[in-house]
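Chemist: Just dropping this structure here.
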Amino acid sequence: MSTSKKSQQSNKEKDSKKTSVNKPSIFPQVLESYNEQMWDKVYKIILPVFAVLMIFMALNSGLNADEEFQYDYSKKLVDYYSSFGADEAALFIEKGNMHYYGGLFDTITGFVNDLLGFEQTEAGYRHVRHIFIALFGWLAIFFTAQLTRLIGGVRAAVLAACILFLSPRFLGHSLMNPKDIPFAMGNIMAIYFLYKSYLSWPSINWKQVAGLAGGIGIAIATRAGGLLLFAYMGLFTIVFLFLWSKTQGKLDLGKMIKGPILKLGIAAIGGYVLAVVFWPFALQSPIGNPLEALTEFSKLGIRIRVLFEGQNIMSDTTAVTYALKWVIITIPPAVILGFVLSLGFGRSFIQRFKLLPSFMLFFCFAFPLVYVMYKDSTLHDGWRHLIFLYPTLVALAALSWDLLWTKFQDKKAIMYGVLGVLVLLQINPTRYISMNSAYPYTYFNMLVGGTNGAFGNYETDYWGVSLKQAIEEMDERGYFPEGDTVMVVSHFSYSLQKYIQNKYQGRVKTGYVKYYSRYSKNWDYGIFPTRYIRSGQLRSGNWPNSRSLFTIDADNIPLLSVEKGGGAIFAGEQAIRNNDFVSAYNAFSQELEAYPNHPDALLGMTRTCLGLQKWDDAVKYADDYIKLAPDYSQIYIFKGNGLLNSGKLTEAIRTFQKVLAIDPDYNLAYYYIAYCHLRIGDYNAALNNVMKHLQLNPASREAYKLASDIYRSMGDNEKAVEMLNKYSSIR
């Protein structure tokens with residue numbers, strides 16, 4: 001290196017240590033790093049590359065199951081605006097409560113699809129939506145990087161952009177999630193422009209006002225939760241003014257109210273107006289209806305069965321740590337360690353990046369998470385509802401890694417060691433994305449053993465996105481031949497229908513089946529993601545079953561199974577329906593001969609033996625089934641009936657109690673337990689259990705008859721008559 005170049009580098013390093021005189025000390029001094037120009041070039045290259053990659057990946061990603069509601073909402077929004085409000089279908093949508101959501105994304109994509117002439121049955125319709133989702137996801141990366149750059153410089157911005165892009169969960173949702181990704185983008189956009197306004201204080205320009213209004217508007221026009229940004233603005237502005245007064249002296253509130261504070265107010269009002277314009281429900285009552293939507297979302301809580309920590313539980317009974325646990329096990333280790341570093345640095349982190357931006361980032365990440373834990377909010381599908389907090393967490397992590405790098409930048413061996421650790425931590429998430437580019441949102445980190453450790457313990461492809469790959473594989477294997485009519489079913493039938501419609505000229509039909517009763521219908525092929533399959537069956541190693549033709553995998557772990565339908569098992573189910581138990585027995589025997597240890601055939605044989613009054617055989621087949629699927633509550637009902645009818649009442653009670661251990665709301669188990677106790681002569685236990693049954697099912701006619709028998713056995717004829725009258729009154 002020449003003397004002049006060394007001198008220039010030395011001067012540059014000295015200049016980088018000077019404190020800026022243009023800003024008060026409440027803002028961080030953005031230090032120049034080594035190779036600043038190189039990092040700036042990298043920054044300008046990677047962002048457009050990420051945009052292109054995300055668009056191409058989005059085109060290969062499948063539908064998420066909630067698109068059923070949003071496709072419908074999009075059509076109704078287009079009809080509403082096209083008719084200038086005359087078509088009011090968008091004002092109230094009972095299925096999915098979509099009117100409580102802002103309509104910005106669905107309005108824009110709806111009109112674009114109309115302009116391009118795409119129908120909902122066409123792949124182009126889906127592609128338009130996915131491209132827009134990818135663009136919103138990319139903008140979230142862009143504004144996260146820009147915010148990080150304002151606080152920590154271009155190198156930190158590069159780290160933030162790369163880490164966020166290489167976060168499989170965030171990237172996966174950026175390919176197919178039209179609710180949570182636009183909301184996250186609007187949120188981080190608003191935070192970026194709010195902080196930039198503070199940097200320009202008191203000379204906030206109108207571009208910053210427009211940017212802040214845009215972020216607020218996009219967030220609220222996606223979810224009513226965007227109203228939280230107004231609270232953020234108020235809190236952060238108070239903190240900012242307090243810190244400003246400490247360095248700049250007494251505040252002239254009069255000038256500020258007429259100047260920058262007024263502009264912040266204009267941004268808030270402008271954002272709200274933008275949101276209302278894209279939200280027909282809000283247009284009807286611009287103040288009352290958004291508040292109603294916010295209130296309804298806080299208490300609605302969809303009650304569905306979820307898989308968490310190896311248990312199939314209802315979403316309103318999950319632990320308060322549900323969201324936190326999901327965050328910890330599904331984000332890259334580099335982000336976890338980066339956040340830990342930010343806490344470990346403590347004072348030095350705040351000294352380097354100053355209190356205001358540090359507080360803003362920590363608060364925007366931690367507050368929503370702590371709040372939902374405090375409120376014990378009903379959540380499902382992991383932490384996707386909280387994905388809007390993730391960009392600020394990534395910014396914190398990137399700043400922490402950059403700070404660690406800066407501390408050792410004069411010790412190159414250690415500095416490159418830090419870089420090596422960061423790269424090493426990102427290898428597995430990057431590999432997962434490259435190997436599972438159509439559904440990277442199924443990623444789990446090594447804290448839970450990756451996808452292998454999560455299988456059967458946590459939901460993987462809970463939205464059935466991999467159906468697209470299953471249908472493509474079926475097509476390649478020739479399962480849809482010319483001239484034949486093929487029936488394909490799934491418990492994700494809406495997505496299935498959208499892939500099949502118009503593609504095979506009507507020769508491929510689709511239908512819906514519940515997984516655990518799927519063979520009661522006749523079909524050729526079934527596509528079954530792991531969602532709603534019991535955890536014990538998944539963990540037993542006996543899923544997919546022997547009828548499986550192939551699976552769609554992530555890291556060699558099945559996300560779904562494609563099964564062959566029809567044949568003996570369907571004949572057996574039909575025979576049971578017709579009470580022809582002899583034919584059913586023969587059919588299920590053939591099924592088990594062709595497909596040994598097929599759980600559904602064992603289940604059918606259990607029911608058949610009950611019909612034939614072969615109680616011991618029913619118990620035997622039930623036990624064989626339980627070895628393969630130990631937590632399917634219905635099998636214990638069947639086994640308990642076999643034990644009850646063979647006189648093994650105490651064992652029957654224990655079996656029925658296992659039903660309640662799996663599903664506390666399975667009220668029929670209480671009825672059978674009560675009946676067994678009555679047969680034993682324990683009348684108090686019998687009465688207690690039949691009353692529990694009636695609490696859950698007050699219209700249970702047979703339960704009142706049983707209660708009457710119990711009271712009569714206890715010698716309480718008056719109560720017995722009362723129960724008998726209730727029995728007679730129910731038709």
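Chains: A, B, ... in order of the structure tokens. Residues: from 1 per chain. Ligands: from 1, in order shown.
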Tell me, as a VMD selection string, which residues lie within 9 Å of region 41-49 of chain A, counting only C-alpha atoms; anything in the same chain fewer than 5 positions away does not count.
Modeler: chain A and resid 36 54 138 141 to 142 154 to 155 157 to 158 161 to 162
Chemist: Could you pull the residues within 12 Å of Val78 (chain A), counting only C-alpha atoms, minus those fewer than 4 positions along the same chain, as a PyMOL selection string?
Modeler: chain A and resi 71-74+82-90+103-115+278-280
Chemist: Kindly save the residues from that selection, with N, CA, C and O atoms included, as a short mmCIF file (atom, residue, chain, number, x, y, z; two decimals), in the first residue's frame.
Modeler:
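Ended up saving to out_31.cif:
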data_model
loop_
_atom_site.label_atom_id
_atom_site.label_comp_id
_atom_site.auth_asym_id
_atom_site.auth_seq_id
_atom_site.Cartn_x
_atom_site.Cartn_y
_atom_site.Cartn_z
N TYR A 71 -59.72 -14.77 -0.68
CA TYR A 71 -60.20 -14.75 -2.06
C TYR A 71 -61.62 -14.18 -2.10
O TYR A 71 -61.96 -13.35 -2.96
N ASP A 72 -62.44 -14.66 -1.18
CA ASP A 72 -63.83 -14.19 -1.10
C ASP A 72 -63.88 -12.70 -0.77
O ASP A 72 -64.64 -11.94 -1.39
N TYR A 73 -63.06 -12.29 0.18
CA TYR A 73 -63.03 -10.88 0.59
C TYR A 73 -62.57 -9.99 -0.56
O TYR A 73 -63.12 -8.90 -0.79
N SER A 74 -61.57 -10.45 -1.29
CA SER A 74 -61.04 -9.66 -2.41
C SER A 74 -62.13 -9.39 -3.45
O SER A 74 -62.27 -8.27 -3.95
N SER A 82 -66.18 -0.98 -7.02
CA SER A 82 -66.65 -0.82 -8.41
C SER A 82 -68.07 -0.27 -8.46
O SER A 82 -68.43 0.45 -9.40
N SER A 83 -68.85 -0.62 -7.44
CA SER A 83 -70.25 -0.14 -7.41
C SER A 83 -70.39 1.13 -6.58
O SER A 83 -71.50 1.56 -6.31
N PHE A 84 -69.24 1.71 -6.16
CA PHE A 84 -69.23 2.91 -5.33
C PHE A 84 -70.05 2.72 -4.05
O PHE A 84 -70.78 3.60 -3.61
N GLY A 85 -69.90 1.52 -3.49
CA GLY A 85 -70.53 1.24 -2.20
C GLY A 85 -71.92 0.66 -2.27
O GLY A 85 -72.50 0.32 -1.24
N ALA A 86 -72.47 0.51 -3.48
CA ALA A 86 -73.83 -0.03 -3.60
C ALA A 86 -73.88 -1.52 -3.24
O ALA A 86 -74.83 -2.00 -2.64
N ASP A 87 -72.84 -2.27 -3.64
CA ASP A 87 -72.76 -3.69 -3.28
C ASP A 87 -72.13 -3.77 -1.89
O ASP A 87 -70.94 -3.53 -1.71
N GLU A 88 -72.92 -4.12 -0.88
CA GLU A 88 -72.48 -4.05 0.51
C GLU A 88 -72.03 -5.38 1.10
O GLU A 88 -71.90 -5.52 2.31
N ALA A 89 -71.77 -6.37 0.25
CA ALA A 89 -71.40 -7.69 0.75
C ALA A 89 -70.12 -7.65 1.58
O ALA A 89 -69.92 -8.47 2.48
N ALA A 90 -69.24 -6.68 1.30
CA ALA A 90 -67.96 -6.59 2.03
C ALA A 90 -68.12 -6.03 3.44
O ALA A 90 -67.17 -6.06 4.22
N GLY A 103 -58.75 -3.75 4.06
CA GLY A 103 -58.81 -4.39 2.75
C GLY A 103 -57.76 -3.95 1.76
O GLY A 103 -57.91 -4.22 0.57
N LEU A 104 -56.70 -3.29 2.22
CA LEU A 104 -55.74 -2.72 1.27
C LEU A 104 -55.16 -3.77 0.33
O LEU A 104 -55.21 -3.63 -0.90
N PHE A 105 -54.59 -4.84 0.89
CA PHE A 105 -53.94 -5.85 0.05
C PHE A 105 -54.94 -6.49 -0.90
O PHE A 105 -54.69 -6.62 -2.10
N ASP A 106 -56.09 -6.90 -0.38
CA ASP A 106 -57.06 -7.62 -1.20
C ASP A 106 -57.74 -6.71 -2.22
O ASP A 106 -58.16 -7.18 -3.28
N THR A 107 -57.84 -5.42 -1.91
CA THR A 107 -58.39 -4.48 -2.89
C THR A 107 -57.42 -4.28 -4.05
O THR A 107 -57.80 -4.37 -5.23
N ILE A 108 -56.17 -4.02 -3.72
CA ILE A 108 -55.17 -3.77 -4.77
C ILE A 108 -55.02 -4.99 -5.66
O ILE A 108 -55.09 -4.91 -6.90
N THR A 109 -54.80 -6.16 -5.05
CA THR A 109 -54.59 -7.36 -5.86
C THR A 109 -55.86 -7.77 -6.60
O THR A 109 -55.79 -8.32 -7.71
N GLY A 110 -57.02 -7.48 -6.01
CA GLY A 110 -58.28 -7.79 -6.69
C GLY A 110 -58.43 -7.00 -7.98
O GLY A 110 -58.81 -7.56 -9.02
N PHE A 111 -58.13 -5.70 -7.91
CA PHE A 111 -58.25 -4.87 -9.11
C PHE A 111 -57.16 -5.21 -10.13
O PHE A 111 -57.42 -5.18 -11.34
N VAL A 112 -55.96 -5.55 -9.66
CA VAL A 112 -54.90 -5.94 -10.60
C VAL A 112 -55.29 -7.22 -11.33
O VAL A 112 -55.11 -7.34 -12.55
N ASN A 113 -55.82 -8.17 -10.59
CA ASN A 113 -56.26 -9.41 -11.23
C ASN A 113 -57.39 -9.16 -12.23
O ASN A 113 -57.44 -9.77 -13.30
N ASP A 114 -58.31 -8.27 -11.87
CA ASP A 114 -59.37 -7.90 -12.81
C ASP A 114 -58.80 -7.26 -14.07
O ASP A 114 -59.23 -7.56 -15.19
N LEU A 115 -57.84 -6.38 -13.86
CA LEU A 115 -57.21 -5.69 -14.99
C LEU A 115 -56.52 -6.67 -15.93
O LEU A 115 -56.57 -6.54 -17.16
N PHE A 278 -59.38 2.24 2.49
CA PHE A 278 -59.23 0.86 2.01
C PHE A 278 -59.93 -0.15 2.92
O PHE A 278 -59.60 -1.34 2.88
N TRP A 279 -60.90 0.30 3.69
CA TRP A 279 -61.56 -0.58 4.65
C TRP A 279 -63.05 -0.24 4.68
O TRP A 279 -63.48 0.62 5.44
N PRO A 280 -63.86 -0.92 3.88
CA PRO A 280 -65.29 -0.58 3.79
C PRO A 280 -66.00 -0.58 5.14
O PRO A 280 -66.85 0.29 5.39
#
Chemist: State, in Å with one decimal place, the distance from CA of Tyr672 (chain A) to CA of Pro698 (chain A).
Modeler: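 Value for the CA of Tyr672 (chain A)-CA of Pro698 (chain A) distance: 15.9 Å.
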Chemist: Which neighbours of Gln351 (chain A) fall inside 12 Å, counting only C-alpha atoms, when residues of the same chain fewer than 6 positions from it are skipped, and could you give them as an NGL selection string?
Modeler: :A and (25-29 or 342 or 345 or 357-358 or 403)
Chemist: List the neighbours of Tyr439 (chain A) out to 12 Å using only C-alpha atoms; skip same-chain residues closer than 4 positions along the sequence, and give me the result as an MDAnalysis selection string.
Modeler: chainID A and resid 57:64 168:177 432:435 443 460:469 552:555 559
Chemist: A:Ile55, A:Ile269, A:Val508, A:Ala720: which is nearest Glu482 (chain A), counting only C-alpha atoms?
Modeler: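 Looking at the shortest contact to Glu482 (chain A), the residue is A:Val508.
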Chemist: Take CA of Ile673 (chain A) and CA of Glu702 (chain A) and report the distance between them in Å, one decimal.
Modeler: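 About the pair CA of Ile673 (chain A) and CA of Glu702 (chain A): they are 13.8 Å apart.
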Chemist: What does the structure give for the distance between CA of Glu292 (chain A) and CA of Phe183 (chain A), in Å to one decimal?
Modeler: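 Atom-to-atom, CA of Glu292 (chain A) to CA of Phe183 (chain A), that is 18.7 Å.
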Chemist: Can you list, as an MDAnalysis selection string, every protein, DNA or RNA residue that comes within 9 Å of Ser548 (chain A) when you count only C-alpha atoms, leaving out same-chain residues fewer than 6 positions away?
Modeler: chainID A and resid 561:564
Chemist: At a cut-off of 9 Å, using only C-alpha atoms, what residues contact Ala210 (chain A)? Leave out same-chain residues fewer than 3 positions from it and give the result as an mmCIF file with all heavy atoms, in the first residue's frame.
Modeler:
data_model
loop_
_atom_site.group_PDB
_atom_site.id
_atom_site.type_symbol
_atom_site.label_atom_id
_atom_site.label_comp_id
_atom_site.auth_asym_id
_atom_site.auth_seq_id
_atom_site.Cartn_x
_atom_site.Cartn_y
_atom_site.Cartn_z
ATOM 1 N N PHE A 193 -39.788 5.706 9.561
ATOM 2 C CA PHE A 193 -40.023 7.120 9.279
ATOM 3 C C PHE A 193 -40.221 7.928 10.560
ATOM 4 O O PHE A 193 -39.901 9.123 10.590
ATOM 5 C CB PHE A 193 -41.212 7.284 8.337
ATOM 6 C CG PHE A 193 -40.857 7.075 6.892
ATOM 7 C CD1 PHE A 193 -41.251 5.933 6.218
ATOM 8 C CD2 PHE A 193 -40.106 8.025 6.213
ATOM 9 C CE1 PHE A 193 -40.923 5.739 4.888
ATOM 10 C CE2 PHE A 193 -39.761 7.846 4.872
ATOM 11 C CZ PHE A 193 -40.169 6.693 4.211
ATOM 12 N N ASN A 205 -39.472 16.917 7.193
ATOM 13 C CA ASN A 205 -39.925 17.268 5.848
ATOM 14 C C ASN A 205 -41.172 16.463 5.476
ATOM 15 O O ASN A 205 -41.535 15.487 6.137
ATOM 16 C CB ASN A 205 -38.798 17.076 4.817
ATOM 17 C CG ASN A 205 -38.344 15.630 4.710
ATOM 18 O OD1 ASN A 205 -39.155 14.721 4.544
ATOM 19 N ND2 ASN A 205 -37.034 15.414 4.789
ATOM 20 N N TRP A 206 -41.788 16.875 4.397
ATOM 21 C CA TRP A 206 -43.067 16.275 4.030
ATOM 22 C C TRP A 206 -42.916 14.858 3.486
ATOM 23 O O TRP A 206 -43.868 14.060 3.539
ATOM 24 C CB TRP A 206 -43.795 17.162 3.026
ATOM 25 C CG TRP A 206 -44.287 18.419 3.671
ATOM 26 C CD1 TRP A 206 -43.790 19.675 3.513
ATOM 27 C CD2 TRP A 206 -45.356 18.520 4.625
ATOM 28 N NE1 TRP A 206 -44.473 20.572 4.290
ATOM 29 C CE2 TRP A 206 -45.453 19.887 4.999
ATOM 30 C CE3 TRP A 206 -46.230 17.617 5.206
ATOM 31 C CZ2 TRP A 206 -46.384 20.363 5.909
ATOM 32 C CZ3 TRP A 206 -47.172 18.069 6.124
ATOM 33 C CH2 TRP A 206 -47.238 19.426 6.470
ATOM 34 N N LYS A 207 -41.727 14.500 2.989
ATOM 35 C CA LYS A 207 -41.495 13.109 2.584
ATOM 36 C C LYS A 207 -41.566 12.184 3.793
ATOM 37 O O LYS A 207 -42.103 11.073 3.719
ATOM 38 C CB LYS A 207 -40.124 12.975 1.901
ATOM 39 C CG LYS A 207 -40.069 13.580 0.505
ATOM 40 C CD LYS A 207 -38.707 13.323 -0.136
ATOM 41 C CE LYS A 207 -38.646 13.917 -1.544
ATOM 42 N NZ LYS A 207 -37.313 13.692 -2.171
ATOM 43 N N ALA A 213 -47.133 8.378 7.380
ATOM 44 C CA ALA A 213 -48.560 8.164 7.118
ATOM 45 C C ALA A 213 -48.781 6.877 6.326
ATOM 46 O O ALA A 213 -49.723 6.113 6.606
ATOM 47 C CB ALA A 213 -49.136 9.354 6.350
ATOM 48 N N GLY A 214 -47.903 6.625 5.351
ATOM 49 C CA GLY A 214 -48.030 5.408 4.560
ATOM 50 C C GLY A 214 -47.880 4.152 5.396
ATOM 51 O O GLY A 214 -48.648 3.202 5.260
ATOM 52 N N GLY A 215 -46.880 4.149 6.284
ATOM 53 C CA GLY A 215 -46.677 2.986 7.147
ATOM 54 C C GLY A 215 -47.854 2.747 8.069
ATOM 55 O O GLY A 215 -48.327 1.613 8.221
ATOM 56 N N ALA A 267 -49.346 13.286 9.955
ATOM 57 C CA ALA A 267 -48.998 11.931 9.512
ATOM 58 C C ALA A 267 -49.946 10.903 10.113
ATOM 59 O O ALA A 267 -50.395 9.979 9.425
ATOM 60 C CB ALA A 267 -47.557 11.608 9.900
ATOM 61 N N GLY A 270 -53.334 11.380 8.443
ATOM 62 C CA GLY A 270 -53.244 10.927 7.053
ATOM 63 C C GLY A 270 -53.204 9.408 6.950
ATOM 64 O O GLY A 270 -53.843 8.812 6.081
ATOM 65 N N GLY A 271 -52.443 8.769 7.843
ATOM 66 C CA GLY A 271 -52.373 7.311 7.849
ATOM 67 C C GLY A 271 -53.713 6.687 8.161
ATOM 68 O O GLY A 271 -54.115 5.690 7.544
#
Chemist: Give me, as a list in words, the residues of region 360-505 of chain A that a backbone DSSP run labels strand (DSSP E).
Modeler: Val486, Met487, Val488, Val489 and Ser490 of chain A
Chemist: Selection from above, C-alpha atoms, as a JSON list (two decimals), in the first residue's frame, can you write it?
Modeler:
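New file result-v1.json:
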[["chain", "number", "residue", "atom", "x", "y", "z"],
["A", 486, "VAL", "CA", -60.18, -39.33, -10.93],
["A", 487, "MET", "CA", -61.44, -38.33, -7.46],
["A", 488, "VAL", "CA", -58.94, -36.56, -5.19],
["A", 489, "VAL", "CA", -59.81, -35.60, -1.62],
["A", 490, "SER", "CA", -58.18, -33.82, 1.30]]
Chemist: If DSSP is run on the backbone, what residues of region 102-227 of chain A are alpha helix (DSSP H)? A reply as a ChimeraX atom specification would be ideal.
Modeler: /A:104-116,123-152,154-165,168-173,180-200,206-220
Chemist: When distances are computed from only C-alpha atoms, which of A:Gly382, A:Gly566, A:Gly249, A:Pro333 shows the smallest separation from Leu166 (chain A)?
Modeler: A:Pro333
Chemist: Here is a test: counting only C-alpha atoms, which residue of A:Ile261, A:Ile576, A:Ala134, A:Met446 is nearest to Ser197 (chain A)?
Modeler: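 Closest to Ser197 (chain A) of all the choices is A:Ile261.
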Chemist: Pick from A:Phe143, A:Tyr80, A:Phe492, A:Phe363: nearest to Leu229 (chain A), with only C-alpha atoms counted?
Modeler: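 So, comparing all the options, the nearest one is A:Phe363.
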Chemist: Nearest residue to Gly450 (chain A) out of A:Leu668, A:Ile329, A:Ala221, A:Met691, using only C-alpha atoms?
Modeler: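 Once distances to Gly450 (chain A) are computed over only C-alpha atoms, the minimum belongs to A:Ile329.
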Chemist: For each of A:Phe444, A:Phe230, A:Tyr704, A:Trp401, take the minimum atom-to-atom distance to Tyr727 (chain A), counting only C-alpha atoms, then give the residue where this is smallest.
Modeler: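 For Tyr727 (chain A), the nearest of the candidates is A:Tyr704.
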